[in-house]
Structures are given as structure tokens and as C-alpha cells.
Amino acid sequence: MAYRFRGAYLQDGFLTVHNSDFRYDPKFREAYRLGKATGSWGRSDVEWRAYVCCWAAWSVRHKDGDFVECGVNRGGLSRTVIHYIDFDKLNKRFWLLDTFEGLPDHLISEDERRRGILLGGYEPCYDQVVETFRAFHGVEIVKGVIPTELEVVRGSDQKWRRRGHCASEPKLTRCN
Ligand SMILES: C[S@@+](CC[C@H](N)C(=O)[O-])C[C@H]1O[C@@H](n2cnc3c(N)ncnc32)[C@H](O)[C@@H]1O
């Protein structure tokens, strides 16, 4: 069986027999442990996804702009990334946007309803997310519906720009 191949990665619906040594990187291990401790993924594991986010965030950490996660739930991915990139040492903000109580009903189209796409059973988690990120200066938790609240982020950045700290258009660095 392919999954018995020495070193094979099989997780989260994804199998590869190619290099997945990122799993043994101590920095990633600790970052992932912290992310998983938020309870975001229940008993599942999403190491490959989490590592891709870490890699992407690490690659752009010194570029202009902030980080944004749209659809945060309990914050597992952001918590992982924040540790992995030493976010504390960057002069940036990390925006976390979500209703923190699941997919908004009015955004499900008739077609999606017909195809059985439902609300998803997310529990309210805003207070828990505030607690998880309390220690991080620069993390901004925005509770509301996307895309409406994305304008809040852009608006905030524009205010910042008007005060003369940033010369160009609002820049948002997506990491998820
Ligand atoms: C699959 S979960 C996110 C998981 C998270 N990125 C992680 O990997 O741990 C999807 C999240 O998106 C949020 N969401 C979906 N549509 C949204 C919308 N239009 N506005 C705000 N939040 C939304 C839900 O509340 C839910 O928390």
C-alpha cells in the first residue's frame, strides 16, 4: 500500500511519498502545537496546510503591508503562523476577520442551498479568540461579515495613511 511507503505523508485528504520533512522542523512543531491547542481542527491534523501558510507568511514577512486571515474560526492557522514568523518582532498588524459564529445565512445562495451547502455548525468563539491573541500587540480581531468588514480594514489603513505613516495605497498581505 502506498501509505506504507517509508516517510509517506497521509493527512487531511492528501497523500504524497515526496519530501515532507517540514514536519520535523522544531520551529514548525512548536508553532503547530500552539495552533492545534486552539481547538480549531478538533481531532484532525492539517500540517501540510499549516506549513504552506507558514512558508508563505515567512516569505513576505519583510514586505510592506499587514497580514490578514479571512475566515479564522478559533485562530489555529494564525496562531501557528504568528509563532513561526516571530510576528512579535515585525512592525506589522495581523488582521483576523470572521463572524466568529459561522457562515452568514444570507450569503448562502439558492444554488448552494440546493447543493446542500449549510451553515457548517460553527460555535461562537469570539471570546476564545480574544484570549488566544491577547498577548500579541498588533493582532486586530474584527468581528463581522466579509466583505463588509474588509472595508473597515482598508478604512483603517487609509486613516493611518492620512496621518502620514504610509505613502501608498492600503496594502494587505494575504496569508490564507
Ligand atoms: C473553515 S473555517 C476557517 C478555518 C481556519 N482558517 C483554520 O484553518 O483554522 C471557516 C470560517 O469562515 C467564517 N466565514 C465564512 N464566511 C464568512 C463571511 N462571509 N464573513 C465572515 N466570516 C465568514 C466562518 O465563521 C468560519 O469560522
# chains A, B, ... in the order shown; residues from 1 in each chain; ligands from 1

$ residues_near_ligand --ligand "ligand 1" --cutoff "7 Å" --atoms "only C-alpha atoms and all ligand atoms" --output "list in words"
Ser40, Trp41, Cys70, Gly71, Val72, Asn73, Arg74, Gly75, Gly76, Leu77, Leu97, Asp98, Thr99, Phe100, Glu101, Gly102, Leu103, Pro104, Leu107, Tyr122, Gly144, Val145, Ile146 and Pro147 of chain A

$ residues_around --residues "region 131-134 of chain A" --least-positions-apart "5" --cutoff "12 Å" --atoms "only C-alpha atoms" --output "list in words"
Leu34, Gly35, Lys36, Ala37, Thr38, Gly39, Ser40, Asn73, Arg74, Gly75, Gly76, Ser78, Arg79, Thr80, Ile82, His83, Phe87, Asp88, Phe94, Trp95, Leu96, Cys125, Tyr126, Val139, Glu140 and Ile141 of chain A

$ select_by_dssp --residues "chain A" --states "helix (DSSP H, G or I)" --output "ChimeraX atom specification"
/A:2-4,21-24,26-36,47-59,76-84,87-89,105-107,110-114,126-133,148-162

$ write_last_selection --atoms "C-alpha atoms" --output "PDB file, in the first residue's frame"
ATOM      1  CA  ALA A   2       1.280   3.450  -0.933  1.00  0.00           C
ATOM      2  CA  TYR A   3       0.710   4.880   2.533  1.00  0.00           C
ATOM      3  CA  ARG A   4       3.107   2.336   3.987  1.00  0.00           C
ATOM      4  CA  ASP A  21      10.490  16.836   6.182  1.00  0.00           C
ATOM      5  CA  PHE A  22       8.967  20.161   7.249  1.00  0.00           C
ATOM      6  CA  ARG A  23       7.125  18.045   9.811  1.00  0.00           C
ATOM      7  CA  TYR A  24      10.340  17.550  11.769  1.00  0.00           C
ATOM      8  CA  PRO A  26      11.311  22.077  15.639  1.00  0.00           C
ATOM      9  CA  LYS A  27      10.118  25.637  14.959  1.00  0.00           C
ATOM     10  CA  PHE A  28       7.188  24.324  12.929  1.00  0.00           C
ATOM     11  CA  ARG A  29       6.432  21.619  15.503  1.00  0.00           C
ATOM     12  CA  GLU A  30       6.054  24.193  18.261  1.00  0.00           C
ATOM     13  CA  ALA A  31       4.074  26.584  16.044  1.00  0.00           C
ATOM     14  CA  TYR A  32       1.705  23.788  15.034  1.00  0.00           C
ATOM     15  CA  ARG A  33       1.320  22.646  18.640  1.00  0.00           C
ATOM     16  CA  LEU A  34       0.220  26.155  19.614  1.00  0.00           C
ATOM     17  CA  GLY A  35      -2.187  26.347  16.661  1.00  0.00           C
ATOM     18  CA  LYS A  36      -3.687  22.968  17.396  1.00  0.00           C
ATOM     19  CA  GLU A  47       0.068  20.075   8.977  1.00  0.00           C
ATOM     20  CA  TRP A  48       0.622  20.485   5.241  1.00  0.00           C
ATOM     21  CA  ARG A  49      -1.902  23.351   5.009  1.00  0.00           C
ATOM     22  CA  ALA A  50      -0.444  24.980   8.103  1.00  0.00           C
ATOM     23  CA  TYR A  51       3.080  24.702   6.754  1.00  0.00           C
ATOM     24  CA  VAL A  52       2.104  26.284   3.421  1.00  0.00           C
ATOM     25  CA  CYS A  53       0.704  29.255   5.371  1.00  0.00           C
ATOM     26  CA  CYS A  54       3.898  29.445   7.446  1.00  0.00           C
ATOM     27  CA  TRP A  55       6.079  29.298   4.326  1.00  0.00           C
ATOM     28  CA  ALA A  56       4.028  32.000   2.564  1.00  0.00           C
ATOM     29  CA  ALA A  57       3.987  34.287   5.594  1.00  0.00           C
ATOM     30  CA  TRP A  58       7.715  33.765   6.178  1.00  0.00           C
ATOM     31  CA  SER A  59       8.429  34.636   2.521  1.00  0.00           C
ATOM     32  CA  GLY A  76      -5.418  27.856  14.662  1.00  0.00           C
ATOM     33  CA  LEU A  77      -3.687  28.868  11.435  1.00  0.00           C
ATOM     34  CA  SER A  78      -2.960  32.423  12.524  1.00  0.00           C
ATOM     35  CA  ARG A  79      -1.640  31.235  15.871  1.00  0.00           C
ATOM     36  CA  THR A  80       0.666  28.806  14.047  1.00  0.00           C
ATOM     37  CA  VAL A  81       1.913  31.477  11.636  1.00  0.00           C
ATOM     38  CA  ILE A  82       2.402  34.088  14.356  1.00  0.00           C
ATOM     39  CA  HIS A  83       4.782  31.796  16.199  1.00  0.00           C
ATOM     40  CA  TYR A  84       6.552  30.560  13.078  1.00  0.00           C
ATOM     41  CA  PHE A  87       5.359  38.114  14.415  1.00  0.00           C
ATOM     42  CA  ASP A  88       6.171  39.974  17.640  1.00  0.00           C
ATOM     43  CA  LYS A  89       9.437  41.156  16.097  1.00  0.00           C
ATOM     44  CA  ASP A 105     -27.043  32.533   6.369  1.00  0.00           C
ATOM     45  CA  HIS A 106     -27.872  35.340   3.938  1.00  0.00           C
ATOM     46  CA  LEU A 107     -24.665  34.686   1.984  1.00  0.00           C
ATOM     47  CA  GLU A 110     -30.211  29.298  -3.575  1.00  0.00           C
ATOM     48  CA  ASP A 111     -27.956  27.155  -5.729  1.00  0.00           C
ATOM     49  CA  GLU A 112     -25.692  26.392  -2.767  1.00  0.00           C
ATOM     50  CA  ARG A 113     -28.719  25.547  -0.609  1.00  0.00           C
ATOM     51  CA  ARG A 114     -29.927  23.140  -3.309  1.00  0.00           C
ATOM     52  CA  TYR A 126     -15.020  35.298  19.649  1.00  0.00           C
ATOM     53  CA  ASP A 127     -14.135  35.398  23.367  1.00  0.00           C
ATOM     54  CA  GLN A 128     -11.779  32.462  22.981  1.00  0.00           C
ATOM     55  CA  VAL A 129     -10.014  34.118  20.040  1.00  0.00           C
ATOM     56  CA  VAL A 130      -9.581  37.338  22.015  1.00  0.00           C
ATOM     57  CA  GLU A 131      -7.994  35.296  24.797  1.00  0.00           C
ATOM     58  CA  THR A 132      -5.694  33.376  22.411  1.00  0.00           C
ATOM     59  CA  PHE A 133      -4.250  36.554  20.897  1.00  0.00           C
ATOM     60  CA  THR A 148     -18.238  44.352   4.589  1.00  0.00           C
ATOM     61  CA  GLU A 149     -15.646  44.309   7.336  1.00  0.00           C
ATOM     62  CA  LEU A 150     -12.780  44.194   4.890  1.00  0.00           C
ATOM     63  CA  GLU A 151     -13.663  47.805   4.209  1.00  0.00           C
ATOM     64  CA  VAL A 152     -13.044  48.502   7.897  1.00  0.00           C
ATOM     65  CA  VAL A 153      -9.529  47.204   7.461  1.00  0.00           C
ATOM     66  CA  ARG A 154      -8.948  49.249   4.341  1.00  0.00           C
ATOM     67  CA  GLY A 155     -10.543  52.274   6.006  1.00  0.00           C
ATOM     68  CA  SER A 156      -8.293  51.914   8.994  1.00  0.00           C
ATOM     69  CA  ASP A 157      -5.255  51.680   6.788  1.00  0.00           C
ATOM     70  CA  GLN A 158      -6.356  54.792   4.915  1.00  0.00           C
ATOM     71  CA  LYS A 159      -6.673  56.721   8.185  1.00  0.00           C
ATOM     72  CA  TRP A 160      -3.206  55.563   9.022  1.00  0.00           C
ATOM     73  CA  ARG A 161      -2.057  56.777   5.610  1.00  0.00           C
ATOM     74  CA  ARG A 162      -3.656  60.185   6.140  1.00  0.00           C
TER      75      ARG A 162
END

$ atom_distance --atom1 "CA of Phe136 (chain A)" --atom2 "CA of Asp45 (chain A)"
24.8 Å
